[in-house]
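Below is one structure; the comments refer to it alone.
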Amino acid sequence: MRHVPTVALRELRSLFVSPVAYGVLSLFAVLSGLFFSLYVAAFNAWMVQLQQFQAFDQLQELNLNDHLIGAFFDNVGMVLMFLVPGITMSLYVAEKNNGTEELLLTSPLTSWDIVLGKFAAAALFVTLLVAMAGALPGLLFFYGEPEVGKTLSGLLGTLLLGWTYVAVGAFASSLTRSQVVSFLICFVLLLVLMLLPAVADLGLAGAGDGLSAVFRWLSAGGHVQGLIQGLVDTADLVYFAVMIGSFLLLTRLTVDSVRWR
Amino acid sequence: MIEVEDLSKRYGDVLAVDALSFSVARGEVVGFLGPNGAGKTTTMRMLTGFLPPSDGTAQIAGHDILEDSRAARRAVGYLPETPPLYPEMRVEDYLAYVAAIRDVPRRARDEKVSRAIERCALKEKRSHVIGTLSKGFKQRVGIAQAIVHDPPVLILDEPTAGLDPNQIREIRDLIAELTSADAEARQTVILSSHILAEVRTICGRVVMINEGRKTVDASIEELTRDGQSLEALFARQSASDLGDVAVSREVS
Ligand SMILES: Nc1ncnc2c1ncn2[C@@H]1O[C@H](COP(=O)(O)OP(=O)(O)OP(=O)(O)O)[C@@H](O)[C@H]1O
Ligand SMILES: [Mg+2]
């Protein structure tokens, strides 16, 4: 696994000469900026309203973390769901279309060099996005007193969510030769992951608590919520590690299947 | 340097390579000939570890391609049928990347890249973006990536495709240079081609296959000794699927 950085670096360089990277960066900046200002405006309006009605109890409870930053991070997660497939769609598809798959697989690189290198490149890019998003709540520290711990754990949750999306997207890209198909597979998988708790609620009410609990566990939503609320629970961290690890393993299997088809 | 033992490859019902055996000694340049669809690319893909054989095996520089795949891969420089290029990269960055993943130590990389660039006459293009190069230059970058790490074994799938006659001559000289070095650094080459004139001048020996089976394995001298041309032999050996009419036309 000596060559993980070699593979990752090449991938990043290619990403940064492609219009996709800059498209995603600017779209993300615009969307997160827009959502953030909407949440700030809504928070202000709410505060003014509560003051007018002299609802001091509720005013006491209103705080920047639970009523602004948390909601904003939720939203960033949604935005990532649309943008990450755009970043990951070409990871393996481009190698197959360039014919460079043949170069990679006939070089002494191991499958893990390739799989981890590509994951690292896209994950770094997503880290850049999340850092950009994190700067916005950072502004609030000049005007109010958000809790540092809660803000950071929310940021961590968003980052882990983004990395999970990257692992899913890399897997999707390893399955096909078309960027569009790769994007769609990734998006559908992420959608399924998100909707699992709803499925558990709807159809499986009578089908046993076991399955329904599994569905709920598999969905990222609950695990991110914990972190956004400031609860850094090992169980949630394990969830992200398991998801990322499983999709990387699946990707490795598909990459190898090209070799042993 | 290369020992191929009963190598077979089956794609579904198609037997693309059928129990192929041959061996290549150090420093030899072997021309791998056969009509379209004979199984040349498939054989090379198995030797380089890209495709698994359905049956049989091979040794490259003493390493089994199945048991000791990484060591075998490390010993090979490979030019696939379509040069494996990243269109958005610059020539020198691309070659440095290939050198890195081919386990060339960091200290030696710059020098090896410059040498490959020089040998493939790419000096003027070294900082060009690969996607903007002409077909012939892309092919040369493909050859440069195959030799950048000085591998003991070179496997070249139609190395002169897309090159003009001058460039073909340069490639021929390059291969001659690679294989004439002193005993230790000498490279062993298998190259496939359709251009018989080229095979005659570059290669010392010919392995001809047709429908996955070996039909000829002899030195160029032996083959052309009694005045017959390589063209006639090629036509005769690939006759079975072309029909007699086509053959007699080729021969006459
Ligand atoms: N991926 C594949 N799936 C199914 N069949 C294949 C595949 N690759 C090659 N074949 C078949 O295997 C046979 C040998 O093909 P191969 O590409 O090795 O021939 P070749 O000698 O390199 O031909 P050419 O001179 O045209 O390059 C052909 O019949 C081809 O159709
Ligand atoms: Mg071929």
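Residue names in the structure tokens use chain letters A, B, ... in the order shown, residue numbers from 1 in each chain, and ligand numbers from 1 in the order shown.
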**Message:** Please find the residues of chain B near chain A - the criterion being any atom within 8 Å, counting only C-alpha atoms - and write them as a ChimeraX atom specification.
**Reply:** /B:48-52,70-71,73-74,78,80,82-89,97,100-103
**Request:** Within 9 Å of Gln59 (chain B), counting only C-alpha atoms, which residues show up once you throw out same-chain ones fewer than 2 positions away? Write them as a PyMOL selection string, please.
**Result:** chain B and resi 1-5+47+57+61-66+72
Store the residues picked out above, limited to N, CA and C atoms, as a short mmCIF file (atom, residue, chain, number, x, y, z; two decimals), in the first residue's frame.
```
data_model
loop_
_atom_site.label_atom_id
_atom_site.label_comp_id
_atom_site.auth_asym_id
_atom_site.auth_seq_id
_atom_site.Cartn_x
_atom_site.Cartn_y
_atom_site.Cartn_z
N MET B 1 13.81 -16.13 -20.78
CA MET B 1 13.20 -15.01 -20.04
C MET B 1 11.69 -15.17 -19.99
N ILE B 2 11.14 -15.70 -21.06
CA ILE B 2 9.69 -15.91 -21.12
C ILE B 2 9.43 -17.37 -21.47
N GLU B 3 8.66 -18.04 -20.62
CA GLU B 3 8.30 -19.43 -20.88
C GLU B 3 6.79 -19.52 -20.85
N VAL B 4 6.19 -19.82 -21.99
CA VAL B 4 4.74 -19.93 -22.05
C VAL B 4 4.39 -21.41 -22.13
N GLU B 5 3.53 -21.84 -21.21
CA GLU B 5 3.25 -23.28 -21.11
C GLU B 5 1.76 -23.55 -21.24
N LEU B 47 0.03 -12.59 -20.40
CA LEU B 47 1.42 -12.52 -19.96
C LEU B 47 1.66 -11.34 -19.03
N THR B 57 0.02 -21.71 -17.84
CA THR B 57 0.64 -20.59 -17.14
C THR B 57 1.85 -20.11 -17.93
N ALA B 61 10.78 -13.77 -16.57
CA ALA B 61 12.01 -13.56 -15.81
C ALA B 61 12.03 -14.44 -14.56
N GLY B 62 11.55 -15.66 -14.72
CA GLY B 62 11.59 -16.62 -13.63
C GLY B 62 10.43 -16.55 -12.66
N HIS B 63 9.49 -15.61 -12.88
CA HIS B 63 8.36 -15.48 -11.97
C HIS B 63 7.09 -15.98 -12.64
N ASP B 64 6.38 -16.85 -11.93
CA ASP B 64 5.13 -17.37 -12.48
C ASP B 64 4.07 -16.27 -12.49
N ILE B 65 3.35 -16.14 -13.61
CA ILE B 65 2.38 -15.04 -13.70
C ILE B 65 1.18 -15.25 -12.79
N LEU B 66 0.97 -16.48 -12.34
CA LEU B 66 -0.15 -16.72 -11.42
C LEU B 66 0.31 -16.72 -9.97
N ALA B 72 6.28 -10.82 -11.41
CA ALA B 72 6.25 -10.94 -12.87
C ALA B 72 5.89 -9.59 -13.48
#
```
Protein and nucleic residues near ligand 1, 12 Å, only C-alpha atoms and all ligand atoms, as a compact mmCIF listing (two decimals) with N, CA, C and O atoms, in the first residue's frame:
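That gives us pocket38.txt:
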```
# COMPACT_ATOMS: atom_id res chain seq x y z
N VAL A 258 -12.17 -7.50 -12.58
CA VAL A 258 -11.68 -7.18 -13.92
C VAL A 258 -10.46 -8.04 -14.21
O VAL A 258 -10.27 -8.55 -15.31
N ARG A 259 -9.66 -8.24 -13.19
CA ARG A 259 -8.44 -9.03 -13.35
C ARG A 259 -8.79 -10.52 -13.49
O ARG A 259 -8.12 -11.24 -14.19
N ARG A 261 -11.78 -12.00 -14.40
CA ARG A 261 -13.06 -12.25 -15.07
C ARG A 261 -12.91 -13.41 -16.04
O ARG A 261 -11.84 -13.62 -16.59
N SER B 8 -4.06 -21.06 -22.34
CA SER B 8 -5.34 -21.03 -23.05
C SER B 8 -6.21 -19.93 -22.49
O SER B 8 -6.13 -19.58 -21.32
N LYS B 9 -7.05 -19.38 -23.36
CA LYS B 9 -8.03 -18.41 -22.89
C LYS B 9 -9.35 -18.63 -23.60
O LYS B 9 -9.43 -18.69 -24.83
N ARG B 10 -10.38 -18.75 -22.81
CA ARG B 10 -11.70 -18.98 -23.35
C ARG B 10 -12.60 -17.79 -22.98
O ARG B 10 -12.63 -17.38 -21.83
N TYR B 11 -13.24 -17.21 -23.98
CA TYR B 11 -14.26 -16.19 -23.71
C TYR B 11 -15.61 -16.85 -23.98
O TYR B 11 -16.00 -16.97 -25.14
N GLY B 12 -16.30 -17.26 -22.98
CA GLY B 12 -17.57 -17.95 -23.23
C GLY B 12 -17.31 -19.18 -24.08
O GLY B 12 -16.58 -20.08 -23.67
N ASP B 13 -17.86 -19.19 -25.29
CA ASP B 13 -17.68 -20.34 -26.18
C ASP B 13 -16.43 -20.21 -27.04
O ASP B 13 -15.94 -21.18 -27.61
N VAL B 14 -15.92 -18.97 -27.15
CA VAL B 14 -14.79 -18.74 -28.05
C VAL B 14 -13.48 -19.12 -27.37
O VAL B 14 -13.16 -18.63 -26.30
N LEU B 15 -12.74 -20.01 -28.01
CA LEU B 15 -11.41 -20.34 -27.52
C LEU B 15 -10.43 -19.41 -28.22
O LEU B 15 -10.04 -19.64 -29.36
N ALA B 16 -10.06 -18.32 -27.55
CA ALA B 16 -9.24 -17.28 -28.21
C ALA B 16 -7.78 -17.69 -28.29
O ALA B 16 -7.10 -17.38 -29.25
N VAL B 17 -7.30 -18.38 -27.26
CA VAL B 17 -5.93 -18.90 -27.26
C VAL B 17 -6.00 -20.35 -26.84
O VAL B 17 -6.64 -20.69 -25.85
N ASP B 18 -5.35 -21.23 -27.63
CA ASP B 18 -5.53 -22.66 -27.46
C ASP B 18 -4.19 -23.35 -27.17
O ASP B 18 -3.40 -23.57 -28.08
N PHE B 32 5.42 -11.46 -33.05
CA PHE B 32 4.24 -12.26 -32.78
C PHE B 32 3.25 -11.93 -33.89
O PHE B 32 2.72 -10.82 -33.94
N LEU B 33 3.05 -12.89 -34.78
CA LEU B 33 2.26 -12.60 -35.98
C LEU B 33 0.98 -13.42 -36.01
O LEU B 33 0.89 -14.49 -35.42
N GLY B 34 0.03 -12.93 -36.75
CA GLY B 34 -1.22 -13.67 -36.93
C GLY B 34 -2.26 -12.74 -37.48
O GLY B 34 -2.17 -11.52 -37.30
N PRO B 35 -3.27 -13.29 -38.17
CA PRO B 35 -4.32 -12.44 -38.73
C PRO B 35 -5.17 -11.81 -37.61
O PRO B 35 -5.02 -12.17 -36.45
N ASN B 36 -6.04 -10.90 -37.97
CA ASN B 36 -6.92 -10.28 -36.99
C ASN B 36 -7.70 -11.35 -36.23
O ASN B 36 -8.19 -12.29 -36.82
N GLY B 37 -7.76 -11.17 -34.93
CA GLY B 37 -8.53 -12.11 -34.12
C GLY B 37 -7.82 -13.41 -33.83
O GLY B 37 -8.41 -14.36 -33.31
N ALA B 38 -6.50 -13.47 -34.13
CA ALA B 38 -5.76 -14.72 -33.93
C ALA B 38 -5.55 -15.01 -32.45
O ALA B 38 -5.38 -16.16 -32.05
N GLY B 39 -5.54 -13.97 -31.63
CA GLY B 39 -5.33 -14.16 -30.19
C GLY B 39 -4.04 -13.53 -29.69
O GLY B 39 -3.60 -13.81 -28.58
N LYS B 40 -3.45 -12.62 -30.47
CA LYS B 40 -2.20 -11.99 -30.06
C LYS B 40 -2.40 -11.11 -28.84
O LYS B 40 -1.70 -11.23 -27.83
N THR B 41 -3.38 -10.21 -28.93
CA THR B 41 -3.63 -9.30 -27.82
C THR B 41 -4.01 -10.09 -26.56
O THR B 41 -3.53 -9.81 -25.46
N THR B 42 -4.84 -11.10 -26.74
CA THR B 42 -5.27 -11.90 -25.60
C THR B 42 -4.07 -12.56 -24.91
O THR B 42 -3.96 -12.55 -23.68
N THR B 43 -3.14 -13.10 -25.72
CA THR B 43 -1.95 -13.74 -25.14
C THR B 43 -1.13 -12.72 -24.36
O THR B 43 -0.70 -12.97 -23.24
N MET B 44 -0.93 -11.54 -24.96
CA MET B 44 -0.12 -10.52 -24.29
C MET B 44 -0.78 -10.06 -23.01
O MET B 44 -0.11 -9.79 -22.01
N ARG B 45 -2.11 -9.97 -23.03
CA ARG B 45 -2.82 -9.57 -21.82
C ARG B 45 -2.67 -10.60 -20.70
O ARG B 45 -2.63 -10.24 -19.52
N MET B 46 -2.57 -11.87 -21.07
CA MET B 46 -2.36 -12.88 -20.04
C MET B 46 -0.94 -12.80 -19.50
O MET B 46 -0.72 -12.91 -18.30
N PHE B 50 -3.00 -8.88 -17.02
CA PHE B 50 -4.28 -8.15 -17.11
C PHE B 50 -5.45 -9.12 -17.16
O PHE B 50 -6.50 -8.86 -16.58
N LEU B 51 -5.25 -10.24 -17.86
CA LEU B 51 -6.31 -11.25 -17.94
C LEU B 51 -5.79 -12.55 -17.34
O LEU B 51 -4.64 -12.91 -17.53
N PRO B 52 -6.64 -13.26 -16.63
CA PRO B 52 -6.22 -14.57 -16.12
C PRO B 52 -6.34 -15.61 -17.22
O PRO B 52 -7.30 -15.59 -17.98
N PRO B 80 0.01 -1.64 -24.36
CA PRO B 80 -1.23 -2.27 -24.82
C PRO B 80 -1.59 -1.84 -26.23
O PRO B 80 -0.99 -0.93 -26.79
N GLU B 81 -2.59 -2.48 -26.79
CA GLU B 81 -3.03 -2.19 -28.16
C GLU B 81 -3.39 -0.72 -28.32
O GLU B 81 -3.02 -0.07 -29.28
N THR B 82 -4.15 -0.16 -27.33
CA THR B 82 -4.38 1.28 -27.31
C THR B 82 -3.49 1.85 -26.20
O THR B 82 -3.56 1.40 -25.07
N LEU B 156 5.11 -5.54 -26.45
CA LEU B 156 4.59 -4.41 -27.20
C LEU B 156 3.53 -4.89 -28.19
O LEU B 156 3.81 -5.68 -29.09
N ASP B 157 2.32 -4.41 -28.00
CA ASP B 157 1.22 -4.82 -28.88
C ASP B 157 1.09 -3.79 -30.00
O ASP B 157 0.63 -2.67 -29.78
N GLU B 158 1.53 -4.15 -31.17
CA GLU B 158 1.54 -3.28 -32.35
C GLU B 158 2.18 -1.92 -32.06
O GLU B 158 1.53 -0.88 -32.16
N PRO B 159 3.48 -1.94 -31.74
CA PRO B 159 4.15 -0.69 -31.34
C PRO B 159 4.24 0.34 -32.45
O PRO B 159 4.37 1.52 -32.17
N ALA B 161 1.94 0.91 -34.84
CA ALA B 161 0.64 1.35 -35.38
C ALA B 161 0.55 2.86 -35.28
O ALA B 161 0.79 3.45 -34.23
N LEU B 191 6.94 -8.48 -29.74
CA LEU B 191 6.09 -7.45 -30.30
C LEU B 191 5.17 -8.06 -31.35
O LEU B 191 5.55 -8.97 -32.08
N SER B 192 3.95 -7.59 -31.36
CA SER B 192 3.02 -8.07 -32.38
C SER B 192 2.96 -7.04 -33.48
O SER B 192 3.21 -5.85 -33.25
N SER B 193 2.65 -7.49 -34.66
CA SER B 193 2.63 -6.57 -35.79
C SER B 193 1.88 -7.19 -36.95
O SER B 193 1.70 -8.41 -37.02
N HIS B 194 1.43 -6.33 -37.84
CA HIS B 194 0.84 -6.80 -39.09
C HIS B 194 1.76 -6.51 -40.26
O HIS B 194 1.53 -6.96 -41.36
N ILE B 195 2.77 -5.68 -39.96
CA ILE B 195 3.63 -5.23 -41.06
C ILE B 195 4.83 -6.17 -41.15
O ILE B 195 5.74 -6.15 -40.34
N MET B 208 4.12 -17.43 -35.14
CA MET B 208 2.87 -17.12 -35.83
C MET B 208 1.75 -17.90 -35.19
O MET B 208 1.91 -19.09 -34.89
N ILE B 209 0.63 -17.26 -34.96
CA ILE B 209 -0.51 -18.00 -34.45
C ILE B 209 -1.72 -17.74 -35.33
O ILE B 209 -1.80 -16.73 -36.04
N ASN B 210 -2.63 -18.69 -35.31
CA ASN B 210 -3.87 -18.55 -36.06
C ASN B 210 -4.97 -19.24 -35.25
O ASN B 210 -4.80 -20.37 -34.81
N GLU B 211 -6.05 -18.54 -35.03
CA GLU B 211 -7.15 -19.07 -34.24
C GLU B 211 -6.65 -19.64 -32.91
O GLU B 211 -7.10 -20.68 -32.45
N GLY B 212 -5.71 -18.91 -32.32
CA GLY B 212 -5.27 -19.28 -30.98
C GLY B 212 -4.21 -20.36 -30.94
O GLY B 212 -3.69 -20.66 -29.88
N ARG B 213 -3.88 -20.98 -32.09
CA ARG B 213 -2.90 -22.06 -32.08
C ARG B 213 -1.63 -21.62 -32.79
O ARG B 213 -1.66 -20.90 -33.79
N LYS B 214 -0.50 -22.14 -32.28
CA LYS B 214 0.77 -21.79 -32.88
C LYS B 214 0.93 -22.52 -34.21
O LYS B 214 0.68 -23.72 -34.29
N SER B 238 -2.40 -18.33 -42.41
CA SER B 238 -3.69 -17.80 -41.95
C SER B 238 -4.79 -18.15 -42.92
O SER B 238 -5.84 -17.56 -42.94
N ASP B 241 -9.00 -19.58 -42.32
CA ASP B 241 -10.25 -18.85 -42.13
C ASP B 241 -10.47 -17.81 -43.24
O ASP B 241 -11.45 -17.10 -43.24
```
**Asked** Val181 (chain A): which residues within 12 Å, counting only C-alpha atoms, same-chain residues fewer than 2 positions away excluded, as JSON, numbers by chain?
**Response** {"A": [85, 86, 88, 89, 90, 93, 169, 172, 173, 174, 175, 176, 177, 178, 179, 183, 184, 185, 186, 187, 188]}
With only C-alpha atoms as the counted atoms, please give the residues lying no more than 12 Å from Gly245 (chain A), apart from itself and same-chain residues fewer than 4 positions off, as a compact mmCIF listing (two decimals) with all heavy atoms, in the first residue's frame.
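Resulting contents of result_6.txt:
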```
# COMPACT_ATOMS: atom_id res chain seq x y z
N TRP A 112 -5.37 -2.58 -3.39
CA TRP A 112 -5.61 -1.59 -2.33
C TRP A 112 -4.95 -0.26 -2.64
O TRP A 112 -5.48 0.80 -2.28
CB TRP A 112 -5.13 -2.11 -0.97
CG TRP A 112 -6.08 -3.05 -0.31
CD1 TRP A 112 -5.81 -4.31 0.14
CD2 TRP A 112 -7.47 -2.82 0.01
NE1 TRP A 112 -6.94 -4.88 0.68
CE2 TRP A 112 -7.97 -4.00 0.63
CE3 TRP A 112 -8.34 -1.75 -0.18
CZ2 TRP A 112 -9.29 -4.13 1.06
CZ3 TRP A 112 -9.66 -1.88 0.25
CH2 TRP A 112 -10.12 -3.05 0.85
N VAL A 115 -7.59 1.31 -4.91
CA VAL A 115 -8.87 1.61 -4.27
C VAL A 115 -8.72 2.69 -3.20
O VAL A 115 -9.49 3.66 -3.16
CB VAL A 115 -9.47 0.32 -3.67
CG1 VAL A 115 -10.67 0.63 -2.81
CG2 VAL A 115 -9.85 -0.65 -4.78
N LEU A 116 -7.70 2.56 -2.35
CA LEU A 116 -7.51 3.55 -1.29
C LEU A 116 -7.01 4.87 -1.85
O LEU A 116 -7.40 5.94 -1.38
CB LEU A 116 -6.53 3.02 -0.24
CG LEU A 116 -7.03 1.82 0.56
CD1 LEU A 116 -5.98 1.35 1.56
CD2 LEU A 116 -8.34 2.15 1.28
N PHE A 119 -10.03 6.62 -3.31
CA PHE A 119 -10.91 7.06 -2.23
C PHE A 119 -10.31 8.29 -1.54
O PHE A 119 -10.99 9.28 -1.31
CB PHE A 119 -11.13 5.94 -1.21
CG PHE A 119 -11.85 6.39 0.03
CD1 PHE A 119 -13.23 6.58 0.01
CD2 PHE A 119 -11.16 6.66 1.21
CE1 PHE A 119 -13.90 7.02 1.14
CE2 PHE A 119 -11.83 7.11 2.34
CZ PHE A 119 -13.20 7.29 2.30
N TRP A 163 -17.61 11.39 3.49
CA TRP A 163 -16.69 10.30 3.16
C TRP A 163 -17.45 9.01 2.84
O TRP A 163 -17.05 8.25 1.96
CB TRP A 163 -15.71 10.06 4.32
CG TRP A 163 -14.68 11.14 4.46
CD1 TRP A 163 -14.53 12.23 3.65
CD2 TRP A 163 -13.67 11.24 5.47
NE1 TRP A 163 -13.48 13.01 4.10
CE2 TRP A 163 -12.94 12.43 5.22
CE3 TRP A 163 -13.31 10.47 6.57
CZ2 TRP A 163 -11.86 12.84 6.01
CZ3 TRP A 163 -12.24 10.87 7.36
CH2 TRP A 163 -11.52 12.04 7.09
N THR A 164 -18.53 8.79 3.58
CA THR A 164 -19.35 7.60 3.29
C THR A 164 -19.91 7.71 1.88
O THR A 164 -19.88 6.74 1.11
CB THR A 164 -20.51 7.49 4.30
OG1 THR A 164 -19.97 7.54 5.62
CG2 THR A 164 -21.28 6.20 4.11
N TYR A 165 -20.40 8.90 1.53
CA TYR A 165 -20.92 9.10 0.17
C TYR A 165 -19.83 8.84 -0.86
O TYR A 165 -20.08 8.27 -1.92
CB TYR A 165 -21.46 10.53 0.02
CG TYR A 165 -22.75 10.81 0.77
CD1 TYR A 165 -23.32 12.08 0.77
CD2 TYR A 165 -23.41 9.81 1.48
CE1 TYR A 165 -24.50 12.35 1.44
CE2 TYR A 165 -24.58 10.06 2.17
CZ TYR A 165 -25.12 11.34 2.15
OH TYR A 165 -26.28 11.59 2.82
N VAL A 166 -18.60 9.26 -0.55
CA VAL A 166 -17.48 9.03 -1.49
C VAL A 166 -17.24 7.54 -1.68
O VAL A 166 -17.05 7.06 -2.81
CB VAL A 166 -16.19 9.72 -0.98
CG1 VAL A 166 -14.98 9.25 -1.77
CG2 VAL A 166 -16.33 11.23 -1.09
N ALA A 167 -17.29 6.78 -0.58
CA ALA A 167 -17.06 5.33 -0.69
C ALA A 167 -18.14 4.68 -1.56
O ALA A 167 -17.85 3.82 -2.39
CB ALA A 167 -17.04 4.69 0.70
N VAL A 168 -19.39 5.14 -1.38
CA VAL A 168 -20.49 4.61 -2.20
C VAL A 168 -20.27 5.00 -3.66
O VAL A 168 -20.42 4.18 -4.57
CB VAL A 168 -21.85 5.16 -1.69
CG1 VAL A 168 -22.97 4.75 -2.63
CG2 VAL A 168 -22.13 4.66 -0.28
N PHE A 171 -17.55 3.04 -5.40
CA PHE A 171 -18.06 1.71 -5.75
C PHE A 171 -18.91 1.78 -7.01
O PHE A 171 -18.73 1.00 -7.95
CB PHE A 171 -18.86 1.14 -4.58
CG PHE A 171 -19.60 -0.13 -4.90
CD1 PHE A 171 -18.90 -1.26 -5.28
CD2 PHE A 171 -20.98 -0.19 -4.82
CE1 PHE A 171 -19.57 -2.44 -5.58
CE2 PHE A 171 -21.66 -1.36 -5.11
CZ PHE A 171 -20.96 -2.49 -5.51
N VAL A 238 -18.34 3.94 14.77
CA VAL A 238 -18.20 2.59 14.23
C VAL A 238 -19.06 2.43 12.98
O VAL A 238 -18.64 1.85 11.98
CB VAL A 238 -18.58 1.53 15.29
CG1 VAL A 238 -18.74 0.16 14.65
CG2 VAL A 238 -17.53 1.49 16.38
N TYR A 239 -20.27 3.00 13.03
CA TYR A 239 -21.16 2.92 11.87
C TYR A 239 -20.45 3.45 10.61
O TYR A 239 -20.43 2.78 9.57
CB TYR A 239 -22.44 3.71 12.11
CG TYR A 239 -23.20 4.00 10.82
CD1 TYR A 239 -24.05 3.05 10.26
CD2 TYR A 239 -23.03 5.21 10.15
CE1 TYR A 239 -24.72 3.30 9.08
CE2 TYR A 239 -23.69 5.47 8.96
CZ TYR A 239 -24.53 4.52 8.43
OH TYR A 239 -25.18 4.76 7.25
N PHE A 240 -19.88 4.65 10.72
CA PHE A 240 -19.23 5.24 9.54
C PHE A 240 -18.05 4.39 9.09
O PHE A 240 -17.85 4.19 7.89
CB PHE A 240 -18.81 6.68 9.82
CG PHE A 240 -19.97 7.63 9.90
CD1 PHE A 240 -20.34 8.20 11.11
CD2 PHE A 240 -20.71 7.92 8.76
CE1 PHE A 240 -21.43 9.06 11.18
CE2 PHE A 240 -21.79 8.78 8.83
CZ PHE A 240 -22.16 9.35 10.04
N ALA A 241 -17.27 3.90 10.05
CA ALA A 241 -16.12 3.07 9.70
C ALA A 241 -16.59 1.81 8.97
O ALA A 241 -15.99 1.41 7.96
CB ALA A 241 -15.34 2.70 10.95
N LEU A 249 -14.30 -2.31 0.37
CA LEU A 249 -14.09 -3.73 0.12
C LEU A 249 -14.83 -4.17 -1.14
O LEU A 249 -14.29 -4.87 -1.99
CB LEU A 249 -14.57 -4.53 1.32
CG LEU A 249 -14.07 -5.97 1.42
CD1 LEU A 249 -12.56 -5.98 1.58
CD2 LEU A 249 -14.73 -6.68 2.60
N LEU A 250 -16.08 -3.71 -1.27
CA LEU A 250 -16.86 -4.03 -2.47
C LEU A 250 -16.15 -3.50 -3.72
O LEU A 250 -16.09 -4.17 -4.76
CB LEU A 250 -18.26 -3.42 -2.39
CG LEU A 250 -19.26 -4.12 -1.47
CD1 LEU A 250 -20.54 -3.31 -1.36
CD2 LEU A 250 -19.56 -5.52 -2.00
N THR A 251 -15.61 -2.28 -3.62
CA THR A 251 -14.92 -1.68 -4.75
C THR A 251 -13.71 -2.53 -5.12
O THR A 251 -13.43 -2.81 -6.28
CB THR A 251 -14.45 -0.25 -4.41
OG1 THR A 251 -15.55 0.45 -3.87
CG2 THR A 251 -13.94 0.46 -5.64
N ARG A 252 -12.98 -2.95 -4.08
CA ARG A 252 -11.81 -3.79 -4.33
C ARG A 252 -12.20 -5.07 -5.05
O ARG A 252 -11.51 -5.52 -5.96
CB ARG A 252 -11.14 -4.13 -3.00
CG ARG A 252 -9.69 -4.47 -3.15
CD ARG A 252 -9.28 -5.45 -2.09
NE ARG A 252 -9.06 -6.73 -2.73
CZ ARG A 252 -7.98 -7.46 -2.56
NH1 ARG A 252 -7.05 -7.07 -1.72
NH2 ARG A 252 -7.83 -8.59 -3.20
```
**Asked** DSSP on the backbone: what in region 122-190 of chain B comes out alpha helix (DSSP H), as a ChimeraX atom specification?
**Response** /B:135-147,165-180
**Request:** Could you tell me how far CA of Ser26 (chain A) lies from CA of Met132 (chain A), in Å and to one decimal?
**Result:** 10.9 Å
**Prompt:** Excluding same-chain residues fewer than 5 positions from region 187-189 of chain B, what lies within 7 Å of it counting only C-alpha atoms, as a ChimeraX atom specification?
**Reply:** /B:26-30,152-155,178-179
**Request:** Determine the nearest neighbour of ligand 2 from the options B:Arg90, B:Ser69, B:Leu79, B:Arg119, counting only C-alpha atoms and all ligand atoms.
**Result:** B:Leu79
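For Ser114 (chain B), the non-local neighbours within 12 Å, defined as residues at least 6 positions apart in the same chain or in other chains and counting only C-alpha atoms, are Val91, Glu92, Asp93, Leu95, Ala96, Ala99, Ala108, Cys120, Ala121, Leu122, Lys123, Glu124, Lys125, Arg126, Ser127, Ala144, Gln145, Ile147, Val148 and His149 of chain B.
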**Request:** Write down as a PyMOL selection string the residues of region 30-232 of chain B whose backbone DSSP state falls under strand (DSSP E).
**Result:** chain B and resi 30-33+55-60+63-64+76-79+153-157+188-192+205-210+213-219
**Message:** Excluding region 220-229 of chain A and its own-chain neighbours fewer than 3 positions away, which residues fall within 8 Å of it when counting only C-alpha atoms? Please give them as number ranges by chain.
**Reply:** A: 66, 70, 73, 150-151, 153-158, 161, 193-194, 216-217, 232-233, 236, 239
